[in-house]
file upload.txt (compact mmCIF, N, CA and C atoms and all ligand atoms)
# COMPACT_ATOMS: atom_id res chain seq x y z
N MET A 656 0.85 -1.19 0.00
CA MET A 656 0.00 0.00 0.00
C MET A 656 0.88 1.25 0.00
N ALA A 657 0.61 2.16 -0.88
CA ALA A 657 1.41 3.38 -0.96
C ALA A 657 0.99 4.37 0.12
N ASP A 658 1.90 5.24 0.48
CA ASP A 658 1.57 6.26 1.47
C ASP A 658 0.49 7.17 0.90
N GLY A 659 -0.39 7.63 1.75
CA GLY A 659 -1.39 8.57 1.30
C GLY A 659 -2.70 7.92 0.90
N GLU A 660 -2.67 6.60 0.66
CA GLU A 660 -3.93 5.93 0.36
C GLU A 660 -4.75 5.83 1.64
N PRO A 661 -6.07 5.92 1.52
CA PRO A 661 -6.88 5.77 2.73
C PRO A 661 -6.69 4.37 3.29
N SER A 662 -6.63 4.26 4.61
CA SER A 662 -6.44 2.93 5.18
C SER A 662 -7.71 2.12 4.96
N PRO A 663 -7.53 0.82 4.71
CA PRO A 663 -8.69 -0.04 4.46
C PRO A 663 -9.52 -0.21 5.72
N GLY A 664 -10.77 -0.58 5.55
CA GLY A 664 -11.67 -0.71 6.69
C GLY A 664 -11.45 -1.99 7.47
N CYS A 665 -12.01 -1.98 8.65
CA CYS A 665 -11.95 -3.14 9.53
C CYS A 665 -12.74 -4.30 8.93
N PRO A 666 -12.15 -5.50 8.87
CA PRO A 666 -12.88 -6.65 8.32
C PRO A 666 -14.07 -7.05 9.19
N ARG A 667 -14.04 -6.71 10.44
CA ARG A 667 -15.11 -7.11 11.36
C ARG A 667 -16.29 -6.15 11.32
N CYS A 668 -16.03 -4.86 11.41
CA CYS A 668 -17.13 -3.91 11.57
C CYS A 668 -17.09 -2.78 10.54
N GLY A 669 -16.06 -2.75 9.69
CA GLY A 669 -15.98 -1.69 8.70
C GLY A 669 -15.45 -0.39 9.26
N GLY A 670 -15.07 -0.39 10.53
CA GLY A 670 -14.55 0.81 11.16
C GLY A 670 -13.16 1.16 10.64
N GLN A 671 -12.66 2.26 11.15
CA GLN A 671 -11.36 2.75 10.69
C GLN A 671 -10.23 1.99 11.38
N LEU A 672 -9.28 1.53 10.57
CA LEU A 672 -8.11 0.85 11.12
C LEU A 672 -7.00 1.88 11.31
N ALA A 673 -6.52 1.97 12.53
CA ALA A 673 -5.45 2.91 12.83
C ALA A 673 -4.14 2.16 13.00
N PRO A 674 -3.04 2.73 12.48
CA PRO A 674 -1.76 2.06 12.66
C PRO A 674 -1.43 1.93 14.15
N LEU A 675 -0.96 0.75 14.52
CA LEU A 675 -0.51 0.55 15.90
C LEU A 675 0.75 -0.29 15.82
N GLY A 676 1.87 0.32 16.09
CA GLY A 676 3.13 -0.38 15.92
C GLY A 676 3.24 -0.85 14.47
N ALA A 677 3.54 -2.12 14.28
CA ALA A 677 3.69 -2.65 12.92
C ALA A 677 2.37 -3.20 12.40
N GLY A 678 1.31 -3.10 13.18
CA GLY A 678 0.02 -3.62 12.74
C GLY A 678 -1.01 -2.51 12.67
N ARG A 679 -2.28 -2.90 12.68
CA ARG A 679 -3.36 -1.93 12.67
C ARG A 679 -4.41 -2.38 13.66
N VAL A 680 -5.07 -1.43 14.26
CA VAL A 680 -6.12 -1.78 15.20
C VAL A 680 -7.36 -0.98 14.85
N CYS A 681 -8.53 -1.63 15.01
CA CYS A 681 -9.79 -0.96 14.68
C CYS A 681 -10.18 -0.02 15.81
N ARG A 682 -10.54 1.20 15.45
CA ARG A 682 -10.95 2.18 16.47
C ARG A 682 -12.30 1.83 17.07
N SER A 683 -13.10 1.06 16.34
CA SER A 683 -14.46 0.78 16.80
C SER A 683 -14.55 -0.52 17.62
N CYS A 684 -14.08 -1.64 17.03
CA CYS A 684 -14.26 -2.93 17.73
C CYS A 684 -12.97 -3.39 18.41
N ARG A 685 -11.89 -2.66 18.19
CA ARG A 685 -10.61 -2.93 18.84
C ARG A 685 -9.98 -4.25 18.42
N GLY A 686 -10.40 -4.78 17.28
CA GLY A 686 -9.72 -5.95 16.73
C GLY A 686 -8.37 -5.52 16.18
N ALA A 687 -7.51 -6.51 15.90
CA ALA A 687 -6.16 -6.20 15.42
C ALA A 687 -5.86 -6.94 14.13
N TRP A 688 -5.21 -6.24 13.20
CA TRP A 688 -4.78 -6.82 11.94
C TRP A 688 -3.26 -6.77 11.92
N LEU A 689 -2.64 -7.94 11.80
CA LEU A 689 -1.18 -8.04 11.87
C LEU A 689 -0.65 -8.88 10.73
N SER A 690 0.55 -8.60 10.29
CA SER A 690 1.19 -9.51 9.35
C SER A 690 1.61 -10.75 10.14
N GLU A 691 1.70 -11.88 9.42
CA GLU A 691 2.11 -13.10 10.11
C GLU A 691 3.52 -12.96 10.67
N ASP A 692 4.38 -12.24 9.96
CA ASP A 692 5.75 -12.02 10.45
C ASP A 692 5.72 -11.26 11.77
N ARG A 693 4.84 -10.26 11.83
CA ARG A 693 4.74 -9.45 13.04
C ARG A 693 4.23 -10.29 14.21
N LEU A 694 3.24 -11.13 13.94
CA LEU A 694 2.70 -12.00 14.98
C LEU A 694 3.78 -12.97 15.46
N ALA A 695 4.53 -13.54 14.50
CA ALA A 695 5.62 -14.47 14.87
C ALA A 695 6.65 -13.75 15.73
N GLU A 696 6.91 -12.50 15.41
CA GLU A 696 7.88 -11.71 16.18
C GLU A 696 7.38 -11.45 17.60
N MET A 697 6.08 -11.19 17.73
CA MET A 697 5.50 -10.97 19.06
C MET A 697 5.59 -12.24 19.90
N VAL A 698 5.33 -13.39 19.24
CA VAL A 698 5.42 -14.67 19.93
C VAL A 698 6.87 -14.91 20.37
N ARG A 699 7.80 -14.58 19.49
CA ARG A 699 9.22 -14.75 19.82
C ARG A 699 9.57 -13.92 21.06
N MET A 700 9.13 -12.68 21.08
CA MET A 700 9.45 -11.81 22.21
C MET A 700 8.82 -12.31 23.50
N MET A 701 7.57 -12.82 23.39
CA MET A 701 6.89 -13.33 24.58
C MET A 701 7.66 -14.50 25.18
N ASN A 702 8.29 -15.29 24.30
CA ASN A 702 9.02 -16.47 24.76
C ASN A 702 10.49 -16.16 25.05
N ASP A 703 10.88 -14.92 24.80
CA ASP A 703 12.26 -14.53 25.02
C ASP A 703 13.19 -15.45 24.21
N ALA A 704 12.75 -15.80 23.01
CA ALA A 704 13.50 -16.73 22.18
C ALA A 704 14.41 -15.96 21.21
N LEU A 705 15.43 -16.66 20.75
CA LEU A 705 16.39 -16.03 19.85
C LEU A 705 15.82 -15.92 18.44
N PHE A 706 15.11 -16.95 18.00
CA PHE A 706 14.57 -16.97 16.65
C PHE A 706 13.06 -17.18 16.67
N ALA A 707 12.38 -16.55 15.75
CA ALA A 707 10.94 -16.75 15.63
C ALA A 707 10.68 -18.12 15.00
N GLU A 708 9.73 -18.85 15.55
CA GLU A 708 9.33 -20.12 14.98
C GLU A 708 8.13 -19.91 14.07
N ALA A 709 7.95 -20.84 13.12
CA ALA A 709 6.79 -20.76 12.25
C ALA A 709 5.52 -20.85 13.10
N LEU A 710 4.54 -20.05 12.77
CA LEU A 710 3.30 -20.04 13.53
C LEU A 710 2.49 -21.29 13.20
N ALA A 711 1.94 -21.91 14.23
CA ALA A 711 1.14 -23.11 14.04
C ALA A 711 -0.34 -22.75 14.02
N PHE A 712 -0.89 -22.69 12.81
CA PHE A 712 -2.32 -22.40 12.67
C PHE A 712 -3.07 -23.71 12.51
N ALA A 713 -4.27 -23.77 13.03
CA ALA A 713 -5.12 -24.94 12.86
C ALA A 713 -6.41 -24.51 12.17
N ILE A 714 -6.95 -25.41 11.37
CA ILE A 714 -8.22 -25.12 10.70
C ILE A 714 -9.34 -25.10 11.74
N ARG A 715 -10.28 -24.18 11.57
CA ARG A 715 -11.44 -24.20 12.47
C ARG A 715 -12.71 -24.02 11.66
N GLU A 716 -13.81 -24.51 12.20
CA GLU A 716 -15.11 -24.34 11.59
C GLU A 716 -15.61 -22.95 11.93
N ALA A 717 -16.01 -22.21 10.91
CA ALA A 717 -16.51 -20.86 11.17
C ALA A 717 -18.03 -20.88 11.23
N ALA A 718 -18.56 -20.22 12.24
CA ALA A 718 -20.01 -20.16 12.39
C ALA A 718 -20.57 -18.89 11.73
N GLU A 719 -19.68 -18.09 11.20
CA GLU A 719 -20.09 -16.78 10.69
C GLU A 719 -19.66 -16.65 9.22
N ALA A 720 -20.15 -15.64 8.56
CA ALA A 720 -19.73 -15.36 7.21
C ALA A 720 -18.26 -14.94 7.23
N ALA A 721 -17.54 -15.29 6.15
CA ALA A 721 -16.11 -14.97 6.10
C ALA A 721 -15.88 -13.46 6.13
N LEU A 722 -14.85 -13.08 6.85
CA LEU A 722 -14.44 -11.68 6.84
C LEU A 722 -13.61 -11.46 5.58
N ARG A 723 -13.41 -10.21 5.21
CA ARG A 723 -12.64 -9.88 4.01
C ARG A 723 -11.31 -9.25 4.37
N CYS A 724 -10.26 -9.64 3.65
CA CYS A 724 -8.94 -9.07 3.88
C CYS A 724 -8.95 -7.58 3.57
N PRO A 725 -8.47 -6.75 4.51
CA PRO A 725 -8.44 -5.31 4.25
C PRO A 725 -7.42 -4.92 3.18
N ALA A 726 -6.54 -5.84 2.83
CA ALA A 726 -5.53 -5.53 1.81
C ALA A 726 -6.00 -5.91 0.42
N CYS A 727 -6.63 -7.10 0.26
CA CYS A 727 -6.96 -7.57 -1.09
C CYS A 727 -8.43 -7.91 -1.27
N GLY A 728 -9.21 -7.91 -0.19
CA GLY A 728 -10.63 -8.19 -0.31
C GLY A 728 -10.98 -9.67 -0.38
N GLU A 729 -9.97 -10.52 -0.35
CA GLU A 729 -10.19 -11.96 -0.39
C GLU A 729 -10.87 -12.40 0.92
N ALA A 730 -11.67 -13.47 0.84
CA ALA A 730 -12.29 -13.99 2.06
C ALA A 730 -11.21 -14.54 2.98
N LEU A 731 -11.25 -14.13 4.22
CA LEU A 731 -10.26 -14.63 5.18
C LEU A 731 -10.61 -16.06 5.59
N VAL A 732 -9.58 -16.87 5.80
CA VAL A 732 -9.77 -18.27 6.15
C VAL A 732 -9.83 -18.40 7.67
N PRO A 733 -10.92 -18.99 8.19
CA PRO A 733 -11.02 -19.15 9.64
C PRO A 733 -10.02 -20.20 10.13
N GLU A 734 -9.14 -19.81 11.00
CA GLU A 734 -8.18 -20.73 11.58
C GLU A 734 -8.08 -20.41 13.05
N SER A 735 -7.31 -21.21 13.76
CA SER A 735 -7.09 -20.87 15.16
C SER A 735 -5.60 -20.87 15.42
N PHE A 736 -5.23 -20.03 16.37
CA PHE A 736 -3.84 -19.91 16.76
C PHE A 736 -3.78 -19.75 18.27
N ALA A 737 -3.01 -20.62 18.91
CA ALA A 737 -2.91 -20.59 20.37
C ALA A 737 -4.30 -20.60 21.01
N HIS A 738 -5.17 -21.44 20.47
CA HIS A 738 -6.53 -21.63 20.99
C HIS A 738 -7.44 -20.43 20.78
N GLN A 739 -7.00 -19.46 20.00
CA GLN A 739 -7.84 -18.30 19.73
C GLN A 739 -8.29 -18.35 18.27
N PRO A 740 -9.55 -18.01 18.02
CA PRO A 740 -10.00 -17.96 16.63
C PRO A 740 -9.35 -16.77 15.92
N VAL A 741 -8.77 -17.04 14.77
CA VAL A 741 -8.19 -15.96 13.97
C VAL A 741 -8.71 -16.11 12.54
N ASP A 742 -8.55 -15.08 11.74
CA ASP A 742 -8.96 -15.12 10.34
C ASP A 742 -7.76 -14.68 9.53
N ARG A 743 -7.38 -15.54 8.56
CA ARG A 743 -6.09 -15.37 7.92
C ARG A 743 -6.26 -15.19 6.42
N CYS A 744 -5.58 -14.20 5.85
CA CYS A 744 -5.67 -13.98 4.41
C CYS A 744 -4.96 -15.12 3.67
N PRO A 745 -5.66 -15.76 2.70
CA PRO A 745 -5.03 -16.86 1.97
C PRO A 745 -3.85 -16.39 1.10
N ARG A 746 -3.76 -15.10 0.86
CA ARG A 746 -2.64 -14.57 0.08
C ARG A 746 -1.51 -14.05 0.97
N GLY A 747 -1.64 -14.27 2.27
CA GLY A 747 -0.54 -13.94 3.17
C GLY A 747 -0.43 -12.48 3.58
N HIS A 748 -1.54 -11.72 3.45
CA HIS A 748 -1.47 -10.31 3.83
C HIS A 748 -1.46 -10.11 5.34
N GLY A 749 -2.05 -11.04 6.06
CA GLY A 749 -2.06 -10.86 7.50
C GLY A 749 -3.10 -11.72 8.19
N VAL A 750 -3.23 -11.46 9.47
CA VAL A 750 -4.11 -12.23 10.34
C VAL A 750 -4.97 -11.26 11.14
N TRP A 751 -6.26 -11.60 11.23
CA TRP A 751 -7.18 -10.76 12.01
C TRP A 751 -7.46 -11.42 13.35
N LEU A 752 -7.39 -10.65 14.43
CA LEU A 752 -7.77 -11.15 15.75
C LEU A 752 -8.74 -10.15 16.36
N ASP A 753 -9.84 -10.65 16.90
CA ASP A 753 -10.80 -9.76 17.55
C ASP A 753 -10.24 -9.24 18.86
N ASP A 754 -10.95 -8.26 19.41
CA ASP A 754 -10.51 -7.64 20.65
C ASP A 754 -10.28 -8.68 21.74
N GLY A 755 -9.11 -8.66 22.34
CA GLY A 755 -8.81 -9.58 23.42
C GLY A 755 -8.13 -10.87 22.97
N GLU A 756 -8.34 -11.24 21.69
CA GLU A 756 -7.78 -12.51 21.23
C GLU A 756 -6.26 -12.47 21.09
N LEU A 757 -5.74 -11.31 20.69
CA LEU A 757 -4.29 -11.20 20.54
C LEU A 757 -3.61 -11.36 21.91
N THR A 758 -4.14 -10.66 22.89
CA THR A 758 -3.59 -10.76 24.24
C THR A 758 -3.68 -12.19 24.75
N ALA A 759 -4.84 -12.80 24.55
CA ALA A 759 -5.05 -14.17 25.02
C ALA A 759 -4.11 -15.14 24.31
N ALA A 760 -3.93 -14.94 23.00
CA ALA A 760 -3.04 -15.83 22.23
C ALA A 760 -1.60 -15.68 22.70
N LEU A 761 -1.19 -14.46 22.95
CA LEU A 761 0.19 -14.24 23.38
C LEU A 761 0.43 -14.80 24.78
N ARG A 762 -0.60 -14.75 25.62
CA ARG A 762 -0.47 -15.37 26.94
C ARG A 762 -0.34 -16.88 26.80
N ALA A 763 -1.11 -17.42 25.84
CA ALA A 763 -1.17 -18.89 25.70
C ALA A 763 0.13 -19.47 25.14
N VAL A 764 0.91 -18.67 24.41
CA VAL A 764 2.12 -19.24 23.81
C VAL A 764 3.30 -19.24 24.78
N VAL A 765 3.15 -18.56 25.90
CA VAL A 765 4.24 -18.54 26.87
C VAL A 765 4.21 -19.82 27.71
N PRO A 766 5.32 -20.56 27.75
CA PRO A 766 5.34 -21.78 28.56
C PRO A 766 5.11 -21.45 30.03
N ALA A 767 4.29 -22.25 30.66
CA ALA A 767 3.98 -21.99 32.08
C ALA A 767 5.20 -22.27 32.97
ZN ZN B 1 -13.79 -3.08 13.74
ZN ZN B 2 -5.20 -10.29 1.46

call {"tool": "encode", "arguments": {"input": "upload.txt", "output": "structure tokens"}}
result
Amino acid sequence: MADGEPSPGCPRCGGQLAPLGAGRVCRSCRGAWLSEDRLAEMVRMMNDALFAEALAFAIREAAEAALRCPACGEALVPESFAHQPVDRCPRGHGVWLDDGELTAALRAVVPA
């Protein structure tokens, strides 16, 4: 995305996505849109690990209509990560997590 283009809307509620660090967060529903690399980096930091490991996504059954990728408009694939439901762009643009899911997922990846 070039600078100056309007930021794409929230896949969940259509609200405005505001930049937050290397990701984006919805001003309305507080969901988060992150690149997979960024999510892997957050997991790495939570574990105090030297290298980021590949993220382990699992397929999940979605009870709702597919969300749309804010980057390409493709239907996001319902998956789960660290026991949290996430929605992932099949073209690799990023991962959507609803409000609270990112925090919960990051807590879940830390070894007890
Ligand atoms: Zn939203
Ligand atoms: Zn996409």

call {"tool": "closest_atom_pairs", "arguments": {"input": "upload.txt", "of": "chain A", "to": "ligand ZN 2 (chain B)", "cutoff": "5 Å", "atoms": "only N, CA and C atoms and all ligand atoms", "output": "Markdown table"}}
result
| residue | atom | partner | partner_atom | distance |
| --- | --- | --- | --- | --- |
| A:Cys724 | CA | B:ZN2 | ZN | 4.6 |
| A:Ala726 | C | B:ZN2 | ZN | 4.6 |
| A:Cys727 | N | B:ZN2 | ZN | 3.7 |
| A:Gly728 | N | B:ZN2 | ZN | 4.9 |
| A:Cys744 | CA | B:ZN2 | ZN | 4.7 |
| A:His748 | N | B:ZN2 | ZN | 4.4 |

call {"tool": "residues_around", "arguments": {"input": "upload.txt", "residues": "Leu689 in chain A", "least_positions_apart": "4", "cutoff": "12 Å", "atoms": "only C-alpha atoms", "output": "mmCIF file with N, CA and C atoms, keeping the file's coordinate frame"}}
result
data_model
loop_
_atom_site.group_PDB
_atom_site.id
_atom_site.type_symbol
_atom_site.label_atom_id
_atom_site.label_comp_id
_atom_site.auth_asym_id
_atom_site.auth_seq_id
_atom_site.Cartn_x
_atom_site.Cartn_y
_atom_site.Cartn_z
ATOM 1 N N LEU A 672 -9.280 1.530 10.570
ATOM 2 C CA LEU A 672 -8.110 0.850 11.120
ATOM 3 C C LEU A 672 -7.000 1.880 11.310
ATOM 4 N N ALA A 673 -6.520 1.970 12.530
ATOM 5 C CA ALA A 673 -5.450 2.910 12.830
ATOM 6 C C ALA A 673 -4.140 2.160 13.000
ATOM 7 N N PRO A 674 -3.040 2.730 12.480
ATOM 8 C CA PRO A 674 -1.760 2.060 12.660
ATOM 9 C C PRO A 674 -1.430 1.930 14.150
ATOM 10 N N LEU A 675 -0.960 0.750 14.520
ATOM 11 C CA LEU A 675 -0.510 0.550 15.900
ATOM 12 C C LEU A 675 0.750 -0.290 15.820
ATOM 13 N N GLY A 676 1.870 0.320 16.090
ATOM 14 C CA GLY A 676 3.130 -0.380 15.920
ATOM 15 C C GLY A 676 3.240 -0.850 14.470
ATOM 16 N N ALA A 677 3.540 -2.120 14.280
ATOM 17 C CA ALA A 677 3.690 -2.650 12.920
ATOM 18 C C ALA A 677 2.370 -3.200 12.400
ATOM 19 N N GLY A 678 1.310 -3.100 13.180
ATOM 20 C CA GLY A 678 0.020 -3.620 12.740
ATOM 21 C C GLY A 678 -1.010 -2.510 12.670
ATOM 22 N N ARG A 679 -2.280 -2.900 12.680
ATOM 23 C CA ARG A 679 -3.360 -1.930 12.670
ATOM 24 C C ARG A 679 -4.410 -2.380 13.660
ATOM 25 N N VAL A 680 -5.070 -1.430 14.260
ATOM 26 C CA VAL A 680 -6.120 -1.780 15.200
ATOM 27 C C VAL A 680 -7.360 -0.980 14.850
ATOM 28 N N CYS A 681 -8.530 -1.630 15.010
ATOM 29 C CA CYS A 681 -9.790 -0.960 14.680
ATOM 30 C C CYS A 681 -10.180 -0.020 15.810
ATOM 31 N N ARG A 693 4.840 -10.260 11.830
ATOM 32 C CA ARG A 693 4.740 -9.450 13.040
ATOM 33 C C ARG A 693 4.230 -10.290 14.210
ATOM 34 N N LEU A 694 3.240 -11.130 13.940
ATOM 35 C CA LEU A 694 2.700 -12.000 14.980
ATOM 36 C C LEU A 694 3.780 -12.970 15.460
ATOM 37 N N ALA A 695 4.530 -13.540 14.500
ATOM 38 C CA ALA A 695 5.620 -14.470 14.870
ATOM 39 C C ALA A 695 6.650 -13.750 15.730
ATOM 40 N N GLU A 696 6.910 -12.500 15.410
ATOM 41 C CA GLU A 696 7.880 -11.710 16.180
ATOM 42 C C GLU A 696 7.380 -11.450 17.600
ATOM 43 N N MET A 697 6.080 -11.190 17.730
ATOM 44 C CA MET A 697 5.500 -10.970 19.060
ATOM 45 C C MET A 697 5.590 -12.240 19.900
ATOM 46 N N CYS A 724 -10.260 -9.640 3.650
ATOM 47 C CA CYS A 724 -8.940 -9.070 3.880
ATOM 48 C C CYS A 724 -8.950 -7.580 3.570
ATOM 49 N N PRO A 725 -8.470 -6.750 4.510
ATOM 50 C CA PRO A 725 -8.440 -5.310 4.250
ATOM 51 C C PRO A 725 -7.420 -4.920 3.180
ATOM 52 N N ALA A 726 -6.540 -5.840 2.830
ATOM 53 C CA ALA A 726 -5.530 -5.530 1.810
ATOM 54 C C ALA A 726 -6.000 -5.910 0.420
ATOM 55 N N VAL A 741 -8.770 -17.040 14.770
ATOM 56 C CA VAL A 741 -8.190 -15.960 13.970
ATOM 57 C C VAL A 741 -8.710 -16.110 12.540
ATOM 58 N N ASP A 742 -8.550 -15.080 11.740
ATOM 59 C CA ASP A 742 -8.960 -15.120 10.340
ATOM 60 C C ASP A 742 -7.760 -14.680 9.530
ATOM 61 N N ARG A 743 -7.380 -15.540 8.560
ATOM 62 C CA ARG A 743 -6.090 -15.370 7.920
ATOM 63 C C ARG A 743 -6.260 -15.190 6.420
ATOM 64 N N CYS A 744 -5.580 -14.200 5.850
ATOM 65 C CA CYS A 744 -5.670 -13.980 4.410
ATOM 66 C C CYS A 744 -4.960 -15.120 3.670
ATOM 67 N N GLY A 747 -1.640 -14.270 2.270
ATOM 68 C CA GLY A 747 -0.540 -13.940 3.170
ATOM 69 C C GLY A 747 -0.430 -12.480 3.580
ATOM 70 N N HIS A 748 -1.540 -11.720 3.450
ATOM 71 C CA HIS A 748 -1.470 -10.310 3.830
ATOM 72 C C HIS A 748 -1.460 -10.110 5.340
ATOM 73 N N GLY A 749 -2.050 -11.040 6.060
ATOM 74 C CA GLY A 749 -2.060 -10.860 7.500
ATOM 75 C C GLY A 749 -3.100 -11.720 8.190
ATOM 76 N N VAL A 750 -3.230 -11.460 9.470
ATOM 77 C CA VAL A 750 -4.110 -12.230 10.340
ATOM 78 C C VAL A 750 -4.970 -11.260 11.140
ATOM 79 N N TRP A 751 -6.260 -11.600 11.230
ATOM 80 C CA TRP A 751 -7.180 -10.760 12.010
ATOM 81 C C TRP A 751 -7.460 -11.420 13.350
ATOM 82 N N LEU A 752 -7.390 -10.650 14.430
ATOM 83 C CA LEU A 752 -7.770 -11.150 15.750
ATOM 84 C C LEU A 752 -8.740 -10.150 16.360
ATOM 85 N N ASP A 753 -9.840 -10.650 16.900
ATOM 86 C CA ASP A 753 -10.800 -9.760 17.550
ATOM 87 C C ASP A 753 -10.240 -9.240 18.860
ATOM 88 N N LEU A 757 -5.740 -11.310 20.690
ATOM 89 C CA LEU A 757 -4.290 -11.200 20.540
ATOM 90 C C LEU A 757 -3.610 -11.360 21.910
#

call {"tool": "residues_near_ligand", "arguments": {"input": "upload.txt", "ligand": "ligand ZN 1 (chain B)", "cutoff": "7 Å", "atoms": "only N, CA and C atoms and all ligand atoms", "output": "number ranges by chain"}}
result
A: 664-671, 680-686

call {"tool": "select_by_dssp", "arguments": {"input": "upload.txt", "residues": "range 683-765 of chain A", "states": "helix (DSSP H, G or I)", "output": "ChimeraX atom specification"}}
result
/A:691-702,756-764

call {"tool": "atom_distance", "arguments": {"input": "upload.txt", "atom1": "CA of Ala763 in chain A", "atom2": "atom N of Val732 in chain A"}}
result
21.7 Å

call {"tool": "atom_distance", "arguments": {"input": "upload.txt", "atom1": "atom C of Ala711 in chain A", "atom2": "CA of Phe736 in chain A"}}
result
5.3 Å

call {"tool": "atom_distance", "arguments": {"input": "upload.txt", "atom1": "atom N of Val698 in chain A", "atom2": "atom C of Ile714 in chain A"}}
result
20.2 Å

call {"tool": "select_by_dssp", "arguments": {"input": "upload.txt", "residues": "range 671-761 of chain A", "states": "strand (DSSP E or B)", "output": "PyMOL selection string"}}
result
chain A and resi 671-675+678-681+687-689+712-714+723+730+732-736+739-743+750-752

call {"tool": "closest_residue", "arguments": {"input": "upload.txt", "among": "A:Leu710, A:Ala760, A:Leu722, A:Met700", "to": "Gln739 in chain A", "atoms": "only C-alpha atoms"}}
result
A:Ala760

call {"tool": "closest_residue", "arguments": {"input": "upload.txt", "among": "A:Met701, A:Ala709, A:Ala730, A:Glu716", "to": "Ala759 in chain A", "atoms": "only C-alpha atoms"}}
result
A:Met701
